[in-house]
Amino acid sequence: MAVTKIHPIKSTLKLAIEYILNPEKTDEKILASSFGCGFETADMEFKFTRELAKRKSPNLAHHLTQSFEPGETTPEEAHEIGMRLAEEVLGGKYEFVLTTHIDKGHIHNHIIYNSVSFTDYNHYHSTPPKYYNIRRTSDKLCEEYGLSVIRNIKGKGKSYIEYTAAKQGKSWKAQLKNTIDTLIPLSKDFDDFLLLMEQQGYKVKRQNKNVSFCSAGRERYMRSKTLGPDYTVEALKERIAGKIKRKHISLIIDIQNCIKAQESKGYEHWAKINNLKQAAKTLNFLTENDITTYDELEKVSLEKQKEFDSISEKVKELESRINTTAMLIKNVETYSKLKPVMEQRKKASDKGAFDEKHRAKIILFEAALKELKGAKYPPINKLRQTYKILQSEKEPLYDAYKKAKAEATEIDIIKSNVDSLLGASHRQSRDISAFLE
């Protein structure tokens with residue numbers, strides 16, 4: 001779960017940046033990143049960009065915080081989520097400094113970004129729709145990383161009402177939860193469940209009242225209880241025994257669990273209906289795609305995943321080119337605007353006094369010169385045209401990305417449906433023709 005808040009910074013920008021960069025809060029600045037600016041010069045770079053805007057604004061910057069549920073994520077993962085949040089909502093147009101604080105009971109991110117874009121010098125207007133987009137993006141990322149999400153059923157954005165489980169995603173946490181959910185109905189008792197987990201390739205570690213799992217290719221174990229209240233050792237044992245039902249039912253509701261839930265006829269009836277719906281959807285998909293064996297299903301799943309991975313790489317490559325071009329535009333613009341100041345410096349009779357008066361501009365000029373590394377660069381107009389072309393390529397590529405992701409998710413759901421509805425026997429025979437009868 002991550003809660004987001006945002007407010008404008010109208011004064012003391014330098015102090016705000018210094019606060020979020022506090023070494024004691026950021027593990028000696030290991031959990032600190034920036035885009036379009038340096039840590040030490042961020043306030044000056046923000047100011048220079050604002051001065052190039054055609055009109056002024058009372059806001060110097062905006063301060064976005066993203067707070068996570070205690071124990072649900074690691075500092076490194078939270079920082080990665082924060083970077084992706086900043087990249088998506090700011091689109092590579094605004095300088096920002098991001099830090100992850102670990103000094104409190106909960107991990108939280110601070111993102112301070114400029115109030116003016118360095119690509120077109122337009123102001124960032126913090127409106128309710130933009131805030132809702134930030135929150136939706138944060139929720140989407142939390143789901144992708146297997147974290148819980150708070151839903152707002154009123155739709156007004158003022159208050160959050162209820163918790164829901166994270167949707168199935170591509171993260172290893174989501175895969176772990178999905179594996180656990182699939183094996184629960186197939187387990188006779190808790191020891192049998194742990195044995196099945198090991199057969200699925202997970203390393204298992206039991207410690208007093210806790211149990212931890214480590215998937216293949218990973219070094220660190222994760223305690224099951226960090227996945228949510230339905231994954232504590234006690235809850236897992238009760239789910240296996242059929243004494244409790246999960247508060248948030250996943251897409252696939254196993255009939256075996258429904259049979260165990262004899263104390264709630266209404267729930268049992270609802271669960272069976274949903275199970276039949278999933279069976280019907282799965283049947284239609286298999287029929288329409290002429291899939292009759294488990295090998296064919298796995299092949300289609302692999303192809304869809306490869307297609308999604310390929311488009312994902314193209315998206316990353318395009319975003320990298322956009323960001324590189326944007327930074328080149330900024331450095332060329334800074335160099336060009338401040339070059340006359342450096343020419344004046346050469347002629348100044350008192351260089352010490354001149355440097356003191358123009359200290360910020362000299363620092364920014366030298367920083368831009370260092371980034372350009374003396375290389376030749378295209379005219380600024382041509383760079384802006386290139387940036388515009390790259391931005392125009394982004395929308396259709398993102399449409400293809402969303403389509404590929406939806407198809408990969410669909411085939412994962414179908415495969416999980418087959419696994420859950422037919423049980424483990426079909427994996428041995430590799431035949432799902434019985435499902436089609």
# chains A, B, ... in the order shown; residues from 1 in each chain; ligands from 1

$ residues_around --residues "Asn133 of chain A" --least-positions-apart "5" --cutoff "12 Å" --atoms "only C-alpha atoms" --output "list in words"
Thr4, Leu85, Ala86, Glu88, Val89, Leu90, Ser126, Thr127, Pro128, Ser138, Asp139, Lys140 and Gly157 of chain A

$ write_last_selection --atoms "N, CA and C atoms" --output "mmCIF file, in the first residue's frame"
data_model
loop_
_atom_site.group_PDB
_atom_site.id
_atom_site.type_symbol
_atom_site.label_atom_id
_atom_site.label_comp_id
_atom_site.auth_asym_id
_atom_site.auth_seq_id
_atom_site.Cartn_x
_atom_site.Cartn_y
_atom_site.Cartn_z
ATOM 1 N N THR A 4 -0.236 8.724 -1.203
ATOM 2 C CA THR A 4 0.462 9.845 -1.836
ATOM 3 C C THR A 4 -0.133 11.180 -1.388
ATOM 4 N N LEU A 85 7.509 6.070 -10.583
ATOM 5 C CA LEU A 85 6.394 7.002 -10.415
ATOM 6 C C LEU A 85 6.753 8.373 -10.972
ATOM 7 N N ALA A 86 7.935 8.879 -10.610
ATOM 8 C CA ALA A 86 8.375 10.192 -11.085
ATOM 9 C C ALA A 86 8.521 10.209 -12.603
ATOM 10 N N GLU A 88 6.955 8.350 -14.813
ATOM 11 C CA GLU A 88 5.671 8.238 -15.511
ATOM 12 C C GLU A 88 4.837 9.509 -15.404
ATOM 13 N N VAL A 89 4.766 10.109 -14.213
ATOM 14 C CA VAL A 89 3.880 11.267 -14.049
ATOM 15 C C VAL A 89 4.522 12.569 -14.525
ATOM 16 N N LEU A 90 5.855 12.613 -14.571
ATOM 17 C CA LEU A 90 6.531 13.837 -15.013
ATOM 18 C C LEU A 90 7.005 13.744 -16.457
ATOM 19 N N SER A 126 -0.868 21.867 -10.551
ATOM 20 C CA SER A 126 -1.302 20.747 -9.715
ATOM 21 C C SER A 126 -2.814 20.813 -9.553
ATOM 22 N N THR A 127 -3.511 20.025 -10.355
ATOM 23 C CA THR A 127 -4.970 20.005 -10.353
ATOM 24 C C THR A 127 -5.471 18.660 -9.822
ATOM 25 N N PRO A 128 -6.736 18.580 -9.403
ATOM 26 C CA PRO A 128 -7.275 17.288 -8.942
ATOM 27 C C PRO A 128 -7.100 16.155 -9.944
ATOM 28 N N SER A 138 0.598 5.363 -8.857
ATOM 29 C CA SER A 138 1.207 4.772 -7.664
ATOM 30 C C SER A 138 0.556 3.430 -7.343
ATOM 31 N N ASP A 139 -0.775 3.369 -7.411
ATOM 32 C CA ASP A 139 -1.493 2.116 -7.144
ATOM 33 C C ASP A 139 -1.115 1.041 -8.156
ATOM 34 N N LYS A 140 -1.010 1.445 -9.410
ATOM 35 C CA LYS A 140 -0.669 0.488 -10.469
ATOM 36 C C LYS A 140 0.714 -0.103 -10.223
ATOM 37 N N GLY A 157 -11.562 10.875 -4.165
ATOM 38 C CA GLY A 157 -10.142 11.092 -3.953
ATOM 39 C C GLY A 157 -9.795 11.730 -2.624
#

$ closest_residue --among "A:Leu297, A:Ile20, A:Ile240, A:Ile363" --to "Ser34 of chain A" --atoms "only C-alpha atoms"
A:Ile20

$ closest_residue --among "A:Asp120, A:Glu410, A:Leu283, A:Ala241" --to "Asp189 of chain A" --atoms "only C-alpha atoms"
A:Ala241

$ closest_residue --among "A:Ile362, A:Lys173, A:Glu51, A:Phe35" --to "Glu343 of chain A" --atoms "only C-alpha atoms"
A:Ile362

$ residues_around --residues "segment 43-49 of chain A" --least-positions-apart "4" --cutoff "7 Å" --atoms "only C-alpha atoms" --output "VMD selection string"
chain A and resid 13 to 14 37 53 114 116 118 360

$ write_last_selection --atoms "N, CA and C atoms" --output "short mmCIF file (atom, residue, chain, number, x, y, z; two decimals), in the first residue's frame"
data_model
loop_
_atom_site.label_atom_id
_atom_site.label_comp_id
_atom_site.auth_asym_id
_atom_site.auth_seq_id
_atom_site.Cartn_x
_atom_site.Cartn_y
_atom_site.Cartn_z
N LEU A 13 13.15 26.59 -0.99
CA LEU A 13 13.34 25.39 -1.81
C LEU A 13 14.65 24.69 -1.45
N LYS A 14 15.71 25.47 -1.24
CA LYS A 14 17.02 24.89 -0.93
C LYS A 14 16.95 24.08 0.37
N CYS A 37 19.24 17.29 -13.02
CA CYS A 37 19.92 18.22 -12.14
C CYS A 37 20.85 17.45 -11.21
N ALA A 53 11.01 30.74 -18.29
CA ALA A 53 9.57 30.70 -18.57
C ALA A 53 9.06 32.08 -18.93
N ASN A 114 10.58 20.49 -10.20
CA ASN A 114 10.47 21.89 -10.58
C ASN A 114 9.04 22.23 -11.01
N VAL A 116 8.42 24.28 -13.38
CA VAL A 116 8.48 24.61 -14.81
C VAL A 116 9.24 23.52 -15.55
N PHE A 118 11.69 21.92 -18.26
CA PHE A 118 12.89 22.41 -18.96
C PHE A 118 12.87 22.07 -20.44
N ALA A 360 26.14 31.39 -9.17
CA ALA A 360 25.19 30.34 -9.59
C ALA A 360 25.27 30.12 -11.10
#

$ closest_residue --among "A:Leu372, A:Met197, A:Leu338, A:Leu328" --to "His358 of chain A" --atoms "only C-alpha atoms"
A:Leu338

$ closest_residue --among "A:Ala280, A:Leu383, A:Leu302, A:Ala353" --to "Arg321 of chain A" --atoms "only C-alpha atoms"
A:Leu383

$ residues_around --residues "Gln391 of chain A" --least-positions-apart "4" --cutoff "10 Å" --atoms "only C-alpha atoms" --output "list in words"
Gly91, Leu318, Glu319, Arg321, Ile322, Gln385, Thr386, Tyr387 and Glu395 of chain A

$ residues_around --residues "Glu333 of chain A" --least-positions-apart "4" --cutoff "8 Å" --atoms "only C-alpha atoms" --output "MDAnalysis selection string"
chainID A and resid 329 337 380

$ write_last_selection --atoms "N, CA and C atoms" --output "mmCIF file, in the first residue's frame"
data_model
loop_
_atom_site.group_PDB
_atom_site.id
_atom_site.type_symbol
_atom_site.label_atom_id
_atom_site.label_comp_id
_atom_site.auth_asym_id
_atom_site.auth_seq_id
_atom_site.Cartn_x
_atom_site.Cartn_y
_atom_site.Cartn_z
ATOM 1 N N ILE A 329 19.012 19.025 -24.822
ATOM 2 C CA ILE A 329 18.363 20.327 -25.048
ATOM 3 C C ILE A 329 18.639 21.252 -23.866
ATOM 4 N N LYS A 337 22.672 30.226 -23.214
ATOM 5 C CA LYS A 337 22.164 31.371 -22.460
ATOM 6 C C LYS A 337 23.232 31.987 -21.559
ATOM 7 N N ILE A 380 19.733 24.019 -31.716
ATOM 8 C CA ILE A 380 18.692 23.798 -30.722
ATOM 9 C C ILE A 380 17.338 23.527 -31.367
#

$ closest_residue --among "A:Ala16, A:Val300, A:Leu176, A:Leu227" --to "Asp412 of chain A" --atoms "only C-alpha atoms"
A:Val300

$ atom_distance --atom1 "atom CA of Lys281 of chain A" --atom2 "atom CA of Thr182 of chain A"
18.5 Å

$ atom_distance --atom1 "atom CA of Pro70 of chain A" --atom2 "atom CA of Leu183 of chain A"
27.3 Å

$ select_by_dssp --residues "segment 29-72 of chain A" --states "alpha helix (DSSP H)" --output "ChimeraX atom specification"
/A:42-51

$ residues_around --residues "segment 211-216 of chain A" --least-positions-apart "2" --cutoff "10 Å" --atoms "only C-alpha atoms" --output "list in words"
Trp172, Lys173, Gln175, Leu176, Leu194, Met197, Glu198, Gln200, Gly201, Tyr202, Lys203, Val204, Lys205, Arg206, Gln207, Asn208, Lys209, Arg218, Glu219, Arg220, Tyr221, Met222, Arg223, Ser224, Lys225, Thr226, Tyr231, Thr232 and Val233 of chain A

$ residues_around --residues "Tyr398 of chain A" --least-positions-apart "2" --cutoff "12 Å" --atoms "only C-alpha atoms" --output "PyMOL selection string"
chain A and resi 88+308+311-316+318-319+391-396+400-405
